[in-house]
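With mmCIF, C-alpha atoms and all ligand atoms inside, this is upload_35.cif:
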data_final
loop_
_atom_site.label_atom_id
_atom_site.label_comp_id
_atom_site.auth_asym_id
_atom_site.auth_seq_id
_atom_site.Cartn_x
_atom_site.Cartn_y
_atom_site.Cartn_z
CA ILE U 1 44.06 22.19 -30.27
CA GLU U 2 41.66 24.19 -32.42
CA GLU U 3 38.86 21.74 -31.64
CA ARG U 4 39.65 22.05 -27.97
CA GLU U 5 39.53 25.82 -28.06
CA LYS U 6 36.19 25.72 -29.82
CA PHE U 7 34.91 23.32 -27.20
CA ARG U 8 36.12 25.45 -24.33
CA ILE U 9 34.22 28.43 -25.56
CA GLU U 10 31.04 26.69 -26.66
CA TYR U 11 30.61 24.08 -23.96
CA TRP U 12 31.74 26.03 -20.97
CA GLU U 13 30.53 29.37 -22.27
CA LEU U 14 33.79 31.00 -21.40
CA GLU U 15 35.47 33.90 -23.03
CA GLU U 16 39.07 33.62 -23.98
CA ALA U 17 39.93 36.36 -21.51
CA LYS U 18 38.66 34.30 -18.60
CA LEU U 19 41.00 31.44 -19.29
CA ARG U 20 43.94 31.46 -16.97
CA ARG U 21 46.25 29.43 -19.13
CA MET U 22 46.49 28.01 -22.63
CA PRO U 23 47.17 24.32 -23.21
CA LYS U 24 50.89 23.72 -23.39
CA PRO U 25 51.80 21.10 -25.96
CA LYS U 26 54.59 18.83 -24.70
CA PRO U 27 55.50 15.17 -25.24
CA LEU U 28 52.47 13.02 -24.19
CA ALA U 29 51.68 16.43 -24.67
CA THR U 30 48.30 16.98 -25.79
CA ARG U 31 47.27 15.03 -22.73
CA ILE U 32 45.58 16.62 -19.77
CA ALA U 33 45.00 14.13 -16.98
CA LEU U 34 42.72 14.17 -13.96
CA VAL U 35 43.64 11.60 -11.31
CA THR U 36 41.31 11.03 -8.35
CA GLY U 37 42.84 10.12 -5.01
CA ALA U 38 46.14 11.51 -6.30
CA GLY U 39 47.13 12.90 -2.92
CA SER U 40 48.55 9.58 -1.74
CA GLY U 41 49.90 6.15 -2.65
CA ILE U 42 49.11 4.74 -6.07
CA GLY U 43 47.30 7.88 -7.29
CA ARG U 44 50.26 10.03 -6.41
CA ALA U 45 52.63 7.72 -8.31
CA ILE U 46 50.30 7.78 -11.34
CA ALA U 47 50.12 11.59 -11.27
CA ARG U 48 53.90 11.76 -11.03
CA ARG U 49 54.46 9.35 -13.93
CA LEU U 50 52.00 11.14 -16.20
CA ALA U 51 53.60 14.49 -15.37
CA ASP U 52 57.07 13.03 -16.01
CA GLU U 53 55.81 11.97 -19.44
CA GLY U 54 54.71 15.52 -20.20
CA ALA U 55 51.03 15.52 -19.30
CA CYS U 56 49.42 18.33 -17.35
CA VAL U 57 47.78 16.84 -14.28
CA VAL U 58 44.84 17.73 -12.09
CA VAL U 59 45.57 16.24 -8.68
CA ALA U 60 42.09 15.55 -7.29
CA ASP U 61 41.69 14.36 -3.72
CA LEU U 62 39.41 14.64 -0.71
CA ASP U 63 42.45 15.73 1.30
CA ALA U 64 43.21 19.29 0.18
CA GLN U 65 46.60 19.48 1.84
CA ARG U 66 47.92 16.27 0.31
CA ALA U 67 46.59 17.24 -3.12
CA ALA U 68 48.33 20.62 -2.88
CA SER U 69 51.62 19.08 -1.84
CA VAL U 70 51.54 16.55 -4.72
CA ALA U 71 50.72 19.32 -7.23
CA GLU U 72 53.70 21.24 -5.90
CA GLU U 73 55.93 18.14 -6.17
CA LEU U 74 54.91 17.79 -9.83
CA GLY U 75 56.17 21.24 -10.69
CA GLY U 76 53.45 23.67 -9.67
CA PRO U 77 50.81 25.45 -11.70
CA ASP U 78 52.35 25.08 -15.16
CA ARG U 79 52.26 21.31 -14.82
CA ALA U 80 49.81 20.40 -12.06
CA VAL U 81 46.94 21.89 -10.11
CA ALA U 82 45.29 20.56 -6.97
CA VAL U 83 41.54 20.31 -6.56
CA THR U 84 39.68 19.21 -3.48
CA VAL U 85 36.97 16.80 -4.48
CA ASP U 86 34.78 14.23 -2.81
CA VAL U 87 33.95 11.72 -5.54
CA THR U 88 30.59 11.04 -3.92
CA GLU U 89 29.49 14.61 -4.74
CA GLU U 90 28.37 15.34 -8.31
CA GLU U 91 28.84 19.11 -8.04
CA GLN U 92 32.37 18.74 -6.72
CA ILE U 93 33.24 16.42 -9.60
CA ALA U 94 31.87 18.91 -12.14
CA ALA U 95 33.89 21.65 -10.41
CA ALA U 96 37.07 19.56 -10.64
CA PHE U 97 36.62 19.12 -14.39
CA ARG U 98 35.91 22.82 -14.72
CA GLU U 99 39.16 23.51 -12.89
CA ALA U 100 40.99 21.29 -15.39
CA LEU U 101 39.50 23.30 -18.19
CA LEU U 102 40.44 26.61 -16.65
CA ALA U 103 43.94 25.49 -15.85
CA PHE U 104 44.86 23.51 -18.95
CA GLY U 105 42.09 23.71 -21.53
CA GLY U 106 40.32 20.35 -21.24
CA VAL U 107 40.64 16.78 -19.96
CA ASP U 108 41.47 13.74 -22.04
CA LEU U 109 42.80 11.24 -19.55
CA VAL U 110 40.96 10.36 -16.35
CA VAL U 111 42.08 7.89 -13.71
CA ASN U 112 39.51 6.56 -11.25
CA ASN U 113 41.79 5.78 -8.35
CA ALA U 114 40.19 7.31 -5.20
CA GLY U 115 39.25 4.67 -2.70
CA ILE U 116 38.93 3.38 0.82
CA SER U 117 38.89 -0.17 2.06
CA ILE U 118 36.36 -1.60 4.49
CA SER U 119 37.47 -5.13 5.09
CA LYS U 120 35.31 -7.12 7.52
CA PRO U 121 33.73 -10.56 7.65
CA LEU U 122 30.20 -10.73 6.26
CA LEU U 123 28.43 -10.83 9.63
CA GLU U 124 30.31 -7.74 10.85
CA THR U 125 29.70 -5.71 7.69
CA THR U 126 26.93 -3.19 8.30
CA ALA U 127 24.63 -1.64 5.72
CA GLY U 128 26.49 1.61 6.41
CA ASP U 129 29.85 -0.04 5.60
CA TRP U 130 28.43 -1.37 2.35
CA ASP U 131 26.91 2.01 1.41
CA LEU U 132 30.09 3.99 2.17
CA GLN U 133 32.34 1.59 0.30
CA HIS U 134 30.03 1.62 -2.72
CA ALA U 135 29.42 5.39 -2.57
CA ILE U 136 33.13 6.10 -2.98
CA MET U 137 34.29 3.38 -5.31
CA ALA U 138 31.31 2.14 -7.36
CA ARG U 139 29.13 5.26 -7.44
CA GLY U 140 32.09 7.67 -7.24
CA SER U 141 33.90 6.20 -10.20
CA PHE U 142 30.63 6.05 -12.18
CA LEU U 143 30.07 9.77 -11.53
CA VAL U 144 33.65 10.67 -12.46
CA SER U 145 33.47 8.60 -15.65
CA ARG U 146 30.14 10.14 -16.59
CA GLU U 147 31.60 13.64 -16.27
CA ALA U 148 34.69 12.52 -18.17
CA ALA U 149 32.48 11.18 -20.96
CA ARG U 150 30.50 14.44 -21.09
CA VAL U 151 33.65 16.49 -21.47
CA MET U 152 35.46 14.11 -23.81
CA THR U 153 32.54 13.63 -26.19
CA ALA U 154 32.03 17.40 -26.35
CA GLN U 155 35.74 17.92 -27.03
CA ARG U 156 35.56 15.35 -29.84
CA LEU U 157 39.20 14.43 -29.25
CA GLY U 158 38.74 10.93 -27.86
CA GLY U 159 40.36 10.12 -24.53
CA ASP U 160 41.24 7.55 -21.93
CA ILE U 161 39.48 6.47 -18.76
CA VAL U 162 41.41 4.12 -16.49
CA TYR U 163 40.03 2.37 -13.41
CA ILE U 164 42.37 1.31 -10.65
CA ALA U 165 40.32 -1.74 -9.78
CA SER U 166 41.85 -4.75 -7.99
CA LYS U 167 42.59 -8.43 -7.98
CA ASN U 168 39.96 -8.43 -5.23
CA GLY U 169 37.31 -7.69 -7.85
CA VAL U 170 38.17 -10.86 -9.72
CA PHE U 171 39.13 -13.29 -6.95
CA ALA U 172 37.63 -13.71 -3.49
CA GLY U 173 39.97 -12.35 -0.83
CA PRO U 174 39.32 -12.93 2.88
CA ASN U 175 36.81 -10.69 4.73
CA ASN U 176 36.19 -8.72 1.64
CA ILE U 177 32.48 -8.57 0.84
CA ALA U 178 32.10 -4.75 0.65
CA TYR U 179 35.46 -3.86 -0.91
CA GLY U 180 35.63 -6.85 -3.25
CA ALA U 181 32.09 -6.24 -4.52
CA THR U 182 32.84 -2.61 -5.39
CA LYS U 183 35.99 -3.67 -7.24
CA ALA U 184 33.93 -6.16 -9.27
CA ASP U 185 31.49 -3.34 -9.97
CA GLN U 186 34.34 -1.17 -11.25
CA ALA U 187 35.59 -4.03 -13.42
CA HIS U 188 32.22 -4.24 -15.16
CA GLN U 189 32.04 -0.46 -15.52
CA VAL U 190 35.23 -0.79 -17.57
CA ARG U 191 33.58 -3.22 -19.98
CA LEU U 192 30.27 -1.36 -20.17
CA LEU U 193 31.87 2.02 -20.77
CA ALA U 194 34.39 0.62 -23.25
CA ALA U 195 31.38 -0.65 -25.23
CA GLU U 196 29.42 2.59 -24.97
CA LEU U 197 32.19 5.11 -25.53
CA GLY U 198 34.33 3.32 -28.10
CA GLU U 199 32.67 5.02 -31.04
CA HIS U 200 33.80 8.37 -29.61
CA GLY U 201 37.41 7.25 -29.54
CA ILE U 202 37.29 6.98 -25.75
CA ARG U 203 39.14 3.94 -24.46
CA VAL U 204 38.30 2.52 -21.05
CA ASN U 205 40.68 0.11 -19.36
CA GLY U 206 41.41 -1.17 -15.88
CA VAL U 207 44.49 -1.94 -13.83
CA ASN U 208 44.27 -4.62 -11.15
CA PRO U 209 46.99 -4.16 -8.53
CA ASP U 210 47.60 -6.44 -5.58
CA GLY U 211 49.57 -6.09 -2.39
CA VAL U 212 50.89 -2.55 -2.82
CA VAL U 213 51.78 -2.10 0.83
CA ARG U 214 54.57 0.48 0.84
CA GLY U 215 53.23 4.00 0.34
CA SER U 216 49.58 2.95 0.52
CA GLY U 217 47.35 4.94 2.86
CA ILE U 218 44.82 2.11 2.74
CA PHE U 219 47.35 -0.34 4.16
CA ALA U 220 48.64 2.16 6.76
CA GLY U 221 45.08 2.99 7.83
CA GLY U 222 43.94 -0.40 9.07
CA TRP U 223 43.80 -2.71 6.06
CA GLY U 224 47.43 -3.68 6.76
CA ALA U 225 46.75 -4.66 10.38
CA GLN U 226 43.65 -6.53 9.32
CA ARG U 227 45.45 -8.39 6.53
CA ALA U 228 48.43 -9.17 8.78
CA ALA U 229 46.05 -10.77 11.30
CA VAL U 230 44.31 -12.80 8.58
CA TYR U 231 47.61 -14.11 7.20
CA GLY U 232 49.24 -14.53 10.62
CA VAL U 233 52.25 -12.29 9.89
CA GLU U 234 53.59 -9.17 11.59
CA GLU U 235 52.29 -6.01 9.97
CA GLU U 236 55.79 -4.71 9.24
CA LYS U 237 56.53 -7.92 7.34
CA LEU U 238 53.40 -7.74 5.20
CA GLY U 239 55.18 -6.30 2.15
CA GLU U 240 57.65 -9.17 2.22
CA PHE U 241 54.83 -11.67 2.78
CA TYR U 242 53.00 -10.41 -0.30
CA ALA U 243 56.24 -10.48 -2.29
CA GLN U 244 56.92 -14.09 -1.35
CA ARG U 245 53.49 -15.27 -2.46
CA THR U 246 53.96 -13.81 -5.96
CA LEU U 247 55.40 -15.80 -8.82
CA LEU U 248 58.13 -13.21 -9.32
CA LYS U 249 58.95 -12.98 -5.58
CA ARG U 250 58.80 -9.21 -5.90
CA GLU U 251 57.05 -6.50 -3.96
CA VAL U 252 54.58 -4.44 -5.98
CA LEU U 253 55.10 -0.69 -5.53
CA PRO U 254 52.87 2.25 -6.52
CA GLU U 255 55.28 3.01 -9.38
CA HIS U 256 54.55 -0.39 -10.94
CA VAL U 257 50.85 0.45 -11.08
CA ALA U 258 51.73 3.84 -12.58
CA ASN U 259 53.77 2.06 -15.27
CA ALA U 260 50.67 0.12 -16.30
CA VAL U 261 48.61 3.31 -16.52
CA PHE U 262 51.27 4.84 -18.74
CA ALA U 263 51.44 1.71 -20.88
CA LEU U 264 47.68 1.86 -21.42
CA THR U 265 47.49 5.58 -22.13
CA GLY U 266 50.88 6.51 -23.60
CA GLY U 267 49.93 5.79 -27.20
CA GLU U 268 51.30 2.33 -27.93
CA LEU U 269 48.09 0.52 -26.93
CA SER U 270 45.91 2.77 -29.05
CA HIS U 271 43.68 -0.14 -30.12
CA THR U 272 43.10 -1.66 -26.72
CA THR U 273 39.91 -1.05 -24.77
CA GLY U 274 37.90 -2.94 -22.16
CA LEU U 275 41.06 -4.64 -20.88
CA HIS U 276 42.22 -5.25 -17.30
CA VAL U 277 45.96 -5.33 -16.72
CA PRO U 278 47.06 -7.20 -13.59
CA VAL U 279 49.93 -5.61 -11.64
CA ASP U 280 50.45 -8.26 -8.99
CA ALA U 281 53.79 -9.89 -9.83
CA GLY U 282 51.86 -13.00 -10.80
CA VAL U 283 49.59 -14.01 -7.94
CA PRO U 284 46.43 -15.26 -9.65
CA ALA U 285 48.23 -17.29 -12.30
CA ALA U 286 48.87 -20.08 -9.83
CA PHE U 287 47.40 -21.59 -6.67
CA LEU U 288 49.76 -20.61 -3.89
CA ARG U 289 47.96 -19.51 -0.77
P1 LIG B 301 45.65 5.57 -0.44
O1 LIG B 301 44.81 5.64 0.79
O2 LIG B 301 47.11 5.85 -0.31
O3 LIG B 301 45.03 6.52 -1.55
C1 LIG B 301 43.64 6.71 -1.70
C2 LIG B 301 43.37 8.19 -1.91
O4 LIG B 301 41.96 8.34 -2.18
C3 LIG B 301 43.68 9.03 -0.66
O5 LIG B 301 44.51 10.13 -1.00
C4 LIG B 301 42.30 9.50 -0.19
O6 LIG B 301 42.31 10.80 0.39
C5 LIG B 301 41.51 9.49 -1.50
N1 LIG B 301 40.07 9.42 -1.26
C6 LIG B 301 39.42 8.61 -0.37
N2 LIG B 301 38.11 8.87 -0.42
C7 LIG B 301 37.93 9.85 -1.35
C8 LIG B 301 36.78 10.53 -1.84
N3 LIG B 301 35.55 10.28 -1.36
N4 LIG B 301 36.95 11.46 -2.80
C9 LIG B 301 38.20 11.72 -3.28
N5 LIG B 301 39.31 11.14 -2.84
C10 LIG B 301 39.18 10.19 -1.88
O7 LIG B 301 45.44 4.09 -1.02
P2 LIG B 301 46.10 3.31 -2.26
O8 LIG B 301 46.57 2.00 -1.76
O9 LIG B 301 47.04 4.19 -3.02
O10 LIG B 301 44.80 3.00 -3.13
C11 LIG B 301 44.48 3.69 -4.33
C12 LIG B 301 43.51 2.85 -5.15
O11 LIG B 301 44.14 1.62 -5.50
C13 LIG B 301 42.21 2.47 -4.42
O12 LIG B 301 41.12 2.52 -5.32
C14 LIG B 301 42.48 1.03 -4.00
O13 LIG B 301 41.28 0.31 -3.83
C15 LIG B 301 43.27 0.54 -5.20
N6 LIG B 301 44.04 -0.67 -4.94
C16 LIG B 301 45.04 -0.65 -4.02
C17 LIG B 301 45.76 -1.82 -3.79
C18 LIG B 301 46.90 -1.88 -2.82
O14 LIG B 301 47.47 -2.97 -2.70
N7 LIG B 301 47.26 -0.78 -2.14
C19 LIG B 301 45.44 -3.00 -4.50
C20 LIG B 301 44.40 -2.96 -5.42
C21 LIG B 301 43.72 -1.80 -5.63
#

Let me see the file written as structure tokens.
Ligand code: NAD
Amino acid sequence: IEEREKFRIEYWELEEAKLRRMPKPKPLATRIALVTGAGSGIGRAIARRLADEGACVVVADLDAQRAASVAEELGGPDRAVAVTVDVTEEEQIAAAFREALLAFGGVDLVVNNAGISISKPLLETTAGDWDLQHAIMARGSFLVSREAARVMTAQRLGGDIVYIASKNGVFAGPNNIAYGATKADQAHQVRLLAAELGEHGIRVNGVNPDGVVRGSGIFAGGWGAQRAAVYGVEEEKLGEFYAQRTLLKREVLPEHVANAVFALTGGELSHTTGLHVPVDAGVPAAFLR
């Protein structure tokens, strides 16, 4: 805590009087998390789990209203604050971290979760599709991680960066050139940053979900219809379809992804970095379909 206070004053050139709130030590307690895309789906579940475990959470999302409502759900300003951020914009990212500092005194856990999904066959994928997909997920998560590393190395308290990547970054899904390529990019960012930041006590890991249909804005916003057409199932039965193709015959929910984030950052895996944890109920372990 002392180190953090010193950092706040030196790095951000703030006076004590300007700080709105002091860090509040609680279980998982010295953790202050910033989760991008936390206004919906998987990000929202991650924010909720981290808050339940005692972390203070910055709910960062492009959609101001959804971010505000999640921050409220998590218990309001003592536990969570909402920031509107477009992860393609460097200044907005810096402002989001500054907000974390003002609200809670620092940041030591960052989750790169914000994303969209452009899923088209190669010949229909435009340069604009490619650029947008990469701007948000490859470039956006790079920018967020770079800011996280700036803050965490200055704090000298170590930290965690987690990427919500995807099975699609490891295996070739159908009609997936733009999205799948950005997920592979994120997967390699995990390894590169784990190598570069390890000496600062900053661990960088990834979570690879698959088929999180219920609660996902990506699925509701077109990816679901597209996937249903590819697999020849009705869109409302897509969750069940995904469940049946897993080894466990279980649907993957946002909470299951949040469990993996907690497992990676909650303290027990303190010597694990550069790892990707699949949360897919066992799809890639076997050839199914
Ligand atoms: P979602 O649409 O419910 O959530 C994505 C959030 O990101 C939204 O709140 C959206 O407003 C926000 N966002 C989009 N663009 C942004 C930007 N430029 N700046 C800041 N925020 C932005 O979708 P989800 O299914 O919860 O997906 C979350 C993450 O999980 C994504 O990275 C996605 O690729 C990944 N993922 C999802 C699945 C799945 O099955 N749903 C599988 C693997 C990986």

Between atom CA of Ser40 of chain U and atom C17 of ligand LIG 301 (chain B), measure the distance and give it in Å to one decimal.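 Distance reported for this atom pair: 11.9 Å.
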
Show me which residues are within 6 Å of ligand LIG 301 (chain B) counting only C-alpha atoms and all ligand atoms, and format the list as a ChimeraX atom specification.
/U:36-43,61-63,85-88,113-116,136,164-166,208-213,216-218

Compare U:Ala127, U:Leu34, U:Asp52, U:Gly239 by their minimum atom-to-atom distance to Ala82 of chain U, counting only C-alpha atoms, and give me the closest one.
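Distance minimum relative to Ala82 of chain U lands on U:Leu34.
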
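By all atoms listed in the file, and with residues fewer than 2 positions from Thr273 of chain U along its chain excluded, the set lying at most 8 Å from it is U:Ala194, U:Gly198, U:Arg203, U:Val204, U:Asn205, U:His271, U:Leu275.
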
Point-to-point distance in Å for atom CA of Pro77 of chain U and atom CA of Gln92 of chain U
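Taking atom CA of Gln92 of chain U as the start and atom CA of Pro77 of chain U as the end point, the length is 20.2 Å.
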
For Ala33 of chain U, the nearest of the candidates U:Gly206, U:Gly221, U:Gly266, U:Gly169, counting only C-alpha atoms:
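Distance minimum relative to Ala33 of chain U lands on U:Gly266.
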
Check: From the set U:Ile202, U:Leu264, U:Leu197, U:Val190, which residue has the shortest atom-to-atom contact distance to Ala138 of chain U, counting only C-alpha atoms?
Finding: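 Closest to Ala138 of chain U, using only C-alpha atoms: U:Val190.
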
As a check of understanding: the span from atom CA of Val83 of chain U to atom CA of Ala71 of chain U is 9.3 Å

I want to know what sits within 12 Å of Arg250 of chain U, based on only C-alpha atoms, with residues of the same chain fewer than 2 positions away left out; could you give that as a PDB file with C-alpha atoms, in the frame of the given file?
ATOM      1  CA  ASP U 210      47.600  -6.440  -5.580  1.00  0.00           C
ATOM      2  CA  GLY U 211      49.570  -6.090  -2.390  1.00  0.00           C
ATOM      3  CA  VAL U 212      50.890  -2.550  -2.820  1.00  0.00           C
ATOM      4  CA  GLY U 239      55.180  -6.300   2.150  1.00  0.00           C
ATOM      5  CA  GLU U 240      57.650  -9.170   2.220  1.00  0.00           C
ATOM      6  CA  PHE U 241      54.830 -11.670   2.780  1.00  0.00           C
ATOM      7  CA  TYR U 242      53.000 -10.410  -0.300  1.00  0.00           C
ATOM      8  CA  ALA U 243      56.240 -10.480  -2.290  1.00  0.00           C
ATOM      9  CA  GLN U 244      56.920 -14.090  -1.350  1.00  0.00           C
ATOM     10  CA  ARG U 245      53.490 -15.270  -2.460  1.00  0.00           C
ATOM     11  CA  THR U 246      53.960 -13.810  -5.960  1.00  0.00           C
ATOM     12  CA  LEU U 247      55.400 -15.800  -8.820  1.00  0.00           C
ATOM     13  CA  LEU U 248      58.130 -13.210  -9.320  1.00  0.00           C
ATOM     14  CA  VAL U 252      54.580  -4.440  -5.980  1.00  0.00           C
ATOM     15  CA  LEU U 253      55.100  -0.690  -5.530  1.00  0.00           C
ATOM     16  CA  HIS U 256      54.550  -0.390 -10.940  1.00  0.00           C
ATOM     17  CA  VAL U 279      49.930  -5.610 -11.640  1.00  0.00           C
ATOM     18  CA  ASP U 280      50.450  -8.260  -8.990  1.00  0.00           C
ATOM     19  CA  ALA U 281      53.790  -9.890  -9.830  1.00  0.00           C
ATOM     20  CA  GLY U 282      51.860 -13.000 -10.800  1.00  0.00           C
ATOM     21  CA  VAL U 283      49.590 -14.010  -7.940  1.00  0.00           C
TER      22      VAL U 283
END
